[in-house]
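K.L.:
This is upload_4.cif (mmCIF, C-alpha atoms).
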```
data_upload
#
loop_
_atom_site.label_atom_id
_atom_site.label_comp_id
_atom_site.auth_asym_id
_atom_site.auth_seq_id
_atom_site.Cartn_x
_atom_site.Cartn_y
_atom_site.Cartn_z
CA MET A 298 -41.80 -49.64 87.25
CA ALA A 299 -38.08 -49.06 86.92
CA GLY A 300 -36.19 -46.87 89.36
CA GLN A 301 -33.00 -44.84 89.52
CA THR A 302 -30.18 -44.67 92.05
CA THR A 303 -30.04 -41.59 94.27
CA ASN A 304 -26.72 -40.01 93.29
CA TYR A 305 -25.91 -40.88 89.68
CA LEU A 306 -29.42 -41.87 88.50
CA PHE A 307 -28.39 -45.32 87.31
CA ASP A 308 -31.46 -47.13 85.94
CA TYR A 309 -32.50 -50.41 87.48
CA PRO A 310 -35.47 -52.78 87.03
CA THR A 311 -37.96 -53.61 89.75
CA SER A 312 -38.81 -57.02 91.11
CA THR A 313 -42.04 -57.18 89.09
CA ASP A 314 -40.29 -56.79 85.73
CA TYR A 315 -40.04 -59.84 83.48
CA VAL A 316 -36.96 -62.01 83.79
CA LYS A 317 -36.80 -62.14 79.97
CA ASP A 318 -35.99 -58.41 80.05
CA GLY A 319 -33.11 -58.90 82.49
CA ALA A 320 -30.32 -58.73 79.91
CA THR A 321 -31.63 -55.47 78.52
CA ALA A 322 -31.92 -54.03 82.04
CA ILE A 323 -28.32 -54.99 82.80
CA GLN A 324 -27.14 -53.39 79.56
CA THR A 325 -28.97 -50.18 80.48
CA LEU A 326 -27.33 -50.19 83.91
CA ALA A 327 -23.89 -50.86 82.37
CA ASP A 328 -24.36 -47.99 79.91
CA ASP A 329 -25.28 -45.66 82.77
CA VAL A 330 -22.16 -46.64 84.74
CA ASP A 331 -19.94 -46.33 81.67
CA ALA A 332 -21.31 -42.85 80.89
CA ALA A 333 -20.87 -41.69 84.50
CA MET A 334 -17.27 -42.96 84.68
CA PHE A 335 -16.42 -41.39 81.31
CA SER A 336 -17.93 -38.10 82.42
CA ALA A 337 -15.96 -38.13 85.69
CA LEU A 338 -12.59 -39.24 84.31
CA LYS A 339 -12.79 -38.08 80.67
CA GLY A 340 -11.74 -41.53 79.51
CA LYS A 341 -8.61 -41.45 81.70
CA LYS A 342 -7.56 -43.69 84.56
CA ALA A 343 -7.57 -42.31 88.09
CA GLY A 344 -4.20 -40.61 88.65
CA MET A 345 -3.70 -41.76 92.22
CA VAL A 346 -5.06 -44.94 93.76
CA LEU A 347 -5.21 -45.74 97.47
CA LEU A 348 -3.64 -49.19 97.76
CA GLN A 349 -3.98 -49.73 101.49
CA THR A 350 -4.23 -47.99 104.87
CA GLN A 351 -2.97 -49.47 108.10
CA THR A 352 -3.97 -48.12 111.52
CA PRO A 353 -1.27 -49.38 113.89
CA THR A 354 -1.57 -49.00 117.65
CA ALA A 355 1.62 -48.93 119.75
CA ALA A 356 3.64 -50.30 116.82
CA GLY A 357 7.40 -50.59 116.69
CA SER A 358 7.20 -51.07 112.94
CA VAL A 359 4.67 -51.09 110.10
CA THR A 360 5.20 -53.14 106.94
CA PHE A 361 3.63 -53.14 103.50
CA ASP A 362 4.72 -56.29 101.64
CA ASN A 363 4.19 -57.06 97.94
CA VAL A 364 2.58 -53.68 97.31
CA PHE A 365 4.94 -52.49 94.56
CA SER A 366 4.27 -53.88 91.10
CA ALA A 367 4.37 -53.03 87.43
CA THR A 368 0.86 -51.59 87.74
CA TYR A 369 2.18 -48.31 89.20
CA ARG A 370 5.52 -46.62 88.63
CA HIS A 371 5.67 -44.26 91.62
CA TYR A 372 4.12 -44.30 95.10
CA SER A 373 3.23 -41.91 97.92
CA LEU A 374 3.12 -42.68 101.61
CA ILE A 375 1.06 -40.55 103.99
CA LEU A 376 1.92 -40.91 107.67
CA ASP A 377 -0.35 -39.47 110.36
CA CYS A 378 0.74 -40.55 113.79
CA THR A 379 1.90 -39.82 117.28
CA THR A 380 4.80 -41.54 118.99
CA THR A 381 5.64 -42.38 122.57
CA ALA A 382 9.09 -40.82 122.23
CA SER A 383 10.67 -38.04 120.20
CA THR A 384 12.37 -40.32 117.76
CA ALA A 385 13.10 -40.99 114.13
CA ILE A 386 10.85 -43.08 111.94
CA ALA A 387 12.91 -44.75 109.24
CA LEU A 388 11.80 -46.12 105.89
CA GLN A 389 13.51 -49.17 104.37
CA LEU A 390 12.77 -51.12 101.20
CA ARG A 391 11.88 -54.81 101.32
CA THR A 392 12.08 -57.77 98.98
CA SER A 393 11.17 -61.42 99.58
CA GLY A 394 9.93 -60.50 103.04
CA LEU A 395 13.31 -59.09 104.14
CA SER A 396 14.27 -55.50 104.86
CA THR A 397 17.27 -53.97 103.11
CA ILE A 398 19.31 -52.73 106.07
CA ALA A 399 22.72 -52.42 104.40
CA THR A 400 24.11 -48.90 104.25
CA ASN A 401 23.06 -48.24 100.66
CA TYR A 402 20.84 -45.27 101.41
CA ALA A 403 21.92 -41.67 100.92
CA ASN A 404 20.15 -38.43 101.69
CA GLN A 405 20.42 -34.66 101.47
CA ARG A 406 18.39 -32.24 103.53
CA LEU A 407 17.88 -28.60 104.31
CA VAL A 408 16.71 -27.62 107.77
CA ALA A 409 15.04 -24.24 108.27
CA GLY A 410 14.43 -23.34 111.90
CA GLY A 411 13.69 -19.77 112.92
CA THR A 412 16.00 -17.55 110.85
CA SER A 413 18.72 -20.14 110.35
CA VAL A 414 19.13 -22.63 107.56
CA SER A 415 21.55 -25.53 107.53
CA ALA A 416 22.21 -28.47 105.27
CA ALA A 417 23.56 -31.97 105.66
CA ARG A 418 24.26 -35.03 103.55
CA ASN A 419 24.57 -38.70 104.46
CA THR A 420 26.04 -41.03 101.86
CA THR A 421 26.07 -44.42 103.60
CA VAL A 422 23.18 -44.95 105.98
CA ALA A 423 20.84 -47.87 106.56
CA SER A 424 17.52 -46.14 105.94
CA PHE A 425 15.70 -43.13 104.56
CA THR A 426 14.64 -41.23 107.65
CA MET A 427 10.98 -40.27 107.43
CA LEU A 428 11.14 -37.88 110.37
CA GLY A 429 14.22 -36.86 112.30
CA THR A 430 12.95 -35.88 115.70
CA LEU A 431 9.29 -36.69 115.63
CA SER A 432 7.04 -34.99 118.11
CA THR A 433 4.87 -36.92 120.48
CA THR A 434 2.07 -34.64 119.27
CA ALA A 435 0.25 -35.52 116.05
CA THR A 436 2.45 -35.26 113.00
CA SER A 437 1.76 -35.75 109.29
CA VAL A 438 4.20 -36.23 106.47
CA ARG A 439 4.05 -37.34 102.84
CA THR A 440 6.92 -39.19 101.24
CA ASN A 441 7.14 -39.98 97.53
CA ILE A 442 8.87 -43.18 96.46
CA TYR A 443 10.08 -43.24 92.85
CA SER A 444 10.36 -46.44 90.77
CA PRO A 445 10.85 -48.93 93.63
CA PHE A 446 9.71 -51.89 91.51
CA LEU A 447 12.15 -51.17 88.69
CA ALA A 448 15.68 -52.61 88.80
CA GLN A 449 17.21 -49.19 89.24
CA ALA A 450 18.03 -46.88 92.12
CA THR A 451 14.94 -45.91 94.14
CA GLN A 452 14.57 -42.25 94.97
CA PHE A 453 12.62 -40.52 97.71
CA ASP A 454 11.53 -37.01 98.54
CA GLN A 455 9.46 -35.38 101.22
CA ASN A 456 8.70 -32.04 102.77
CA GLY A 457 9.00 -32.86 106.43
CA ILE A 458 8.05 -31.13 109.63
CA TRP A 459 10.53 -31.77 112.39
CA THR A 460 9.68 -30.72 115.89
CA SER A 461 10.77 -31.86 119.30
CA ASP A 462 7.97 -30.28 121.29
CA GLY A 463 5.16 -29.53 118.85
CA THR A 464 5.86 -25.79 118.72
CA GLN A 465 9.49 -25.40 117.61
CA ILE A 466 8.67 -26.21 114.00
CA GLU A 467 11.47 -26.86 111.54
CA TYR A 468 10.88 -27.12 107.79
CA VAL A 469 12.88 -29.90 106.22
CA PRO A 470 12.94 -30.49 102.45
CA TYR A 471 14.49 -33.92 102.31
CA VAL A 472 15.56 -36.11 99.41
CA GLY A 473 17.31 -39.44 99.23
CA ALA A 474 17.99 -42.62 97.33
CA HIS A 475 18.61 -46.31 97.72
CA THR A 476 21.56 -46.65 95.41
CA LEU A 477 21.34 -50.33 94.38
CA ALA A 478 19.73 -51.10 91.01
CA THR A 479 17.33 -53.61 92.53
CA SER A 480 13.57 -54.20 92.29
CA TYR A 481 11.71 -54.01 95.61
CA ALA A 482 8.24 -55.19 96.56
CA GLY A 483 7.52 -53.38 99.81
CA ILE A 484 8.58 -51.11 102.64
CA ILE A 485 8.93 -51.13 106.40
CA LEU A 486 8.66 -48.13 108.72
CA THR A 487 10.45 -48.53 112.04
CA THR A 488 10.65 -46.24 115.05
CA GLY A 489 14.10 -45.59 116.49
CA SER A 490 12.62 -46.05 119.94
CA GLY A 491 9.14 -46.20 121.44
CA THR A 492 6.07 -46.89 119.33
CA MET A 493 3.77 -45.13 116.88
CA THR A 494 -0.01 -44.95 116.73
CA GLY A 495 -2.09 -43.55 113.90
CA SER A 496 -2.54 -44.30 110.22
CA VAL A 497 -0.25 -45.04 107.31
CA SER A 498 -1.62 -44.94 103.76
CA LEU A 499 0.12 -46.06 100.58
CA TYR A 500 -0.94 -44.72 97.18
CA GLY A 501 0.08 -45.75 93.67
CA TRP A 502 0.53 -43.26 90.84
CA ASN A 503 -0.60 -44.03 87.32
CA ILE A 504 1.60 -42.56 84.59
CA MET B 55 21.40 -53.70 124.35
CA GLU B 56 19.67 -51.66 127.03
CA HIS B 57 17.31 -50.41 124.35
CA LEU B 58 16.64 -53.95 123.12
CA MET B 59 15.91 -55.19 126.61
CA ALA B 60 13.57 -52.30 127.27
CA THR B 61 11.76 -52.94 124.00
CA LYS B 62 11.35 -56.62 124.72
CA SER B 63 9.91 -55.99 128.15
CA GLU B 64 7.41 -53.61 126.57
CA LYS B 65 6.63 -56.21 123.87
CA SER B 66 6.99 -54.07 120.78
CA PHE B 67 4.60 -55.08 118.03
CA THR B 68 4.82 -54.96 114.28
CA PHE B 69 1.89 -54.47 111.92
CA ILE B 70 2.15 -56.10 108.51
CA TYR B 71 -0.02 -55.93 105.41
CA ASP B 72 0.74 -58.38 102.59
CA ALA B 73 -0.89 -57.38 99.30
CA GLU B 74 -0.23 -60.83 97.81
CA THR B 75 -2.47 -62.55 100.36
CA ASP B 76 -4.49 -59.44 101.35
CA GLU B 77 -3.76 -60.34 104.99
CA PHE B 78 -3.13 -58.11 108.00
CA ILE B 79 -0.81 -59.54 110.65
CA GLU B 80 -0.04 -58.15 114.09
CA ARG B 81 2.69 -59.89 116.08
CA GLU B 82 5.59 -59.23 118.44
CA MET B 83 8.72 -57.92 116.76
CA ASN B 84 11.32 -60.64 116.25
CA THR B 85 15.05 -60.44 117.01
CA GLU B 86 15.94 -59.28 113.50
CA GLU B 87 13.39 -56.48 113.66
CA LEU B 88 14.55 -55.37 117.11
CA GLU B 89 18.17 -55.33 115.90
CA ASN B 90 17.07 -53.20 112.97
CA GLN B 91 15.29 -50.84 115.36
CA LYS B 92 18.51 -50.52 117.35
CA LEU B 93 20.41 -49.71 114.14
CA ILE B 94 17.89 -46.99 113.32
CA LEU B 95 18.13 -45.57 116.82
CA ASP B 96 21.94 -45.41 116.56
CA GLU B 97 21.75 -43.61 113.22
CA SER B 98 19.11 -41.27 114.59
CA ILE B 99 21.26 -40.37 117.60
CA ALA B 100 24.30 -39.77 115.37
CA GLU B 101 22.28 -37.61 112.99
CA LYS B 102 20.77 -35.60 115.82
CA ALA B 103 24.23 -35.07 117.36
CA PHE B 104 25.56 -33.87 114.01
CA TYR B 105 22.64 -31.50 113.66
CA GLU B 106 23.00 -30.13 117.21
CA ASN B 107 26.74 -29.65 116.67
CA GLN B 108 26.01 -27.78 113.44
CA LYS B 109 23.56 -25.50 115.28
CA ASN B 110 26.05 -24.87 118.09
CA ASN B 111 28.83 -24.02 115.62
CA ARG B 112 26.53 -21.56 113.88
CA ALA B 113 25.57 -19.91 117.16
CA SER B 114 29.26 -19.60 118.06
CA ALA B 115 30.07 -18.09 114.66
CA LEU B 116 27.24 -15.57 114.96
CA ALA B 117 28.43 -14.54 118.42
CA LYS B 118 31.93 -13.91 117.04
CA LEU B 119 30.48 -11.80 114.24
CA ALA B 120 28.59 -9.76 116.83
CA ASP B 121 31.84 -9.30 118.75
CA LEU B 122 33.38 -7.91 115.56
CA GLY B 123 30.73 -5.20 115.54
CA LEU B 124 28.12 -6.51 113.08
CA THR B 125 24.55 -5.59 113.98
CA ALA B 126 21.83 -8.21 114.39
CA GLU B 127 20.29 -7.06 111.08
CA GLU B 128 23.63 -7.41 109.30
CA ILE B 129 24.15 -10.88 110.71
CA ALA B 130 20.61 -11.94 109.75
CA ALA B 131 21.28 -10.72 106.19
CA LEU B 132 24.27 -13.06 105.78
#
```
For the structure just supplied, provide its representation as structure tokens.
P.N.:
Amino acid sequence: MAGQTTNYLFDYPTSTDYVKDGATAIQTLADDVDAAMFSALKGKKAGMVLLQTQTPTAAGSVTFDNVFSATYRHYSLILDCTTTASTAIALQLRTSGLSTIATNYANQRLVAGGTSVSAARNTTVASFTMLGTLSTTATSVRTNIYSPFLAQATQFDQNGIWTSDGTQIEYVPYVGAHTLATSYAGIILTTGSGTMTGSVSLYGWNI
Amino acid sequence: MEHLMATKSEKSFTFIYDAETDEFIEREMNTEELENQKLILDESIAEKAFYENQKNNRASALAKLADLGLTAEEIAAL
């Protein structure tokens, strides 16, 4: 007697069914999967796809190589980590296994702390800073990376949380760009000093 | 250099994922990577100094406004 899976009720044959009916059973299973996927996604592709998560321990840097491709246009990076020092974590683009460390990055930020707001711009720096003065307590931040695989300037944005002690929170809307019209295949995150421990996940966006 | 020496003695590690080979690699950071880390530290220190200087200038300006007779509410409204 045939059975069904627990969650989506996909039909499957039992071990006593005839082998000659195997093709029909597989078609029934395929139809069930197709119907379930169509119902869940309405015929669309998933909007965001988790490409990879790394869980570094005491890392000075974390690299994702050959992760950018024509499959996805834009990407998001989620960083959840603690560090051994209150330090910056910088993001740099990579191609052919090499980091782009020339001063072709630029950024603009607002910093809201307490009742004061300030702004600053850097036009020739060697990285896009993920977090300015990262706390040694757990910190999370999401950074979007726009069109890194295309031969055009790559842009970044993030809503950051800067804090030196875990309680003096500063809200930092932060945007930037790598100004060269070059295609890149990956990224590297590097601590200014000390190490980081936690998880780093990279997602691709379908458009 | 002091930073580089300290990092080497602590044996900083790098974690690498290569999507082309689907491999995870964990190894000690090489000289190029340590130099890059030093560059990032220098930029971080410069940025932090700029930011602290900006905060100090603002605090000084607010104190001068208070000396001119503006109330705390008036200053906060600026």
K.L.:
Work out how far atom CA of Val364 of chain A is from atom CA of Thr350 of chain A, in Å to one decimal.
P.N.:
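Between atom CA of Thr350 of chain A and atom CA of Val364 of chain A the gap works out to 11.7 Å.
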K.L.:
Measuring atom to atom with all atoms listed in the file, identify which of B:Ser98, B:Ser114, B:Thr85, B:Thr125 is nearest to chain A.
P.N.:
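Among the listed residues, the smallest separation from chain A belongs to B:Ser98.
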K.L.:
Please report, as a Markdown table, each residue of chain A lying at most 7 Å from chain B, together with the nearest pair of atoms and the separation in Å rounded to one decimal; use all atoms listed in the file, and order rows by chain and ascending residue number.
P.N.:
```
| residue | atom | partner | partner_atom | distance |
| --- | --- | --- | --- | --- |
| A:Pro353 | CA | B:Phe69 | CA | 6.3 |
| A:Ala356 | CA | B:Phe67 | CA | 5.0 |
| A:Gly357 | CA | B:Ser66 | CA | 5.4 |
| A:Ser358 | CA | B:Thr68 | CA | 4.8 |
| A:Val359 | CA | B:Phe69 | CA | 4.7 |
| A:Thr360 | CA | B:Ile70 | CA | 4.5 |
| A:Phe361 | CA | B:Tyr71 | CA | 5.0 |
| A:Asp362 | CA | B:Asp72 | CA | 4.6 |
| A:Asn363 | CA | B:Ala73 | CA | 5.3 |
| A:Val364 | CA | B:Ala73 | CA | 5.4 |
| A:Ala385 | CA | B:Ser98 | CA | 6.0 |
| A:Ala387 | CA | B:Ile94 | CA | 6.8 |
| A:Gly429 | CA | B:Ser98 | CA | 7.0 |
| A:Thr487 | CA | B:Gln91 | CA | 6.3 |
| A:Thr488 | CA | B:Gln91 | CA | 6.5 |
| A:Gly489 | CA | B:Leu95 | CA | 4.0 |
| A:Ser490 | CA | B:Leu95 | CA | 6.4 |
```
K.L.:
The PyMOL selection byres ((chain A and resi 416-422) around 6) - which residues does that actually catch in the file I just gave you? List them as a PyMOL selection string.
P.N.:
chain A and resi 400-407+415+423-424
K.L.:
For the point (5.1, -45.7, 118.2) in file coordinates, what residues are within 7 Å, counting only C-alpha atoms? Give the answer as a ChimeraX atom specification?
P.N.:
/A:355-357,379-381,488,491-494
K.L.:
Using C-alpha atoms, can you export the residues from the last selection as a PDB file, in the coordinates of the input?
P.N.:
```pdb
ATOM      1  CA  ALA A 355       1.620 -48.930 119.750  1.00  0.00           C
ATOM      2  CA  ALA A 356       3.640 -50.300 116.820  1.00  0.00           C
ATOM      3  CA  GLY A 357       7.400 -50.590 116.690  1.00  0.00           C
ATOM      4  CA  THR A 379       1.900 -39.820 117.280  1.00  0.00           C
ATOM      5  CA  THR A 380       4.800 -41.540 118.990  1.00  0.00           C
ATOM      6  CA  THR A 381       5.640 -42.380 122.570  1.00  0.00           C
ATOM      7  CA  THR A 488      10.650 -46.240 115.050  1.00  0.00           C
ATOM      8  CA  GLY A 491       9.140 -46.200 121.440  1.00  0.00           C
ATOM      9  CA  THR A 492       6.070 -46.890 119.330  1.00  0.00           C
ATOM     10  CA  MET A 493       3.770 -45.130 116.880  1.00  0.00           C
ATOM     11  CA  THR A 494      -0.010 -44.950 116.730  1.00  0.00           C
TER      12      THR A 494
END
```
K.L.:
Please evaluate the PyMOL selection byres ((chain A and resi 450) around 7) against the structure above and give the resulting residues as a list in words.
P.N.:
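Output of the PyMOL selection byres ((chain A and resi 450) around 7): Gln449, Thr451, Gln452, Ala474, His475, Thr476, Leu477, Ala478 and Thr479 of chain A.
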K.L.:
Name the residues within 10 Å of (2.0, -50.7, 86.1), counting all atoms listed in the file in the file's coordinates, and put them as a count of residues only.
P.N.:
12
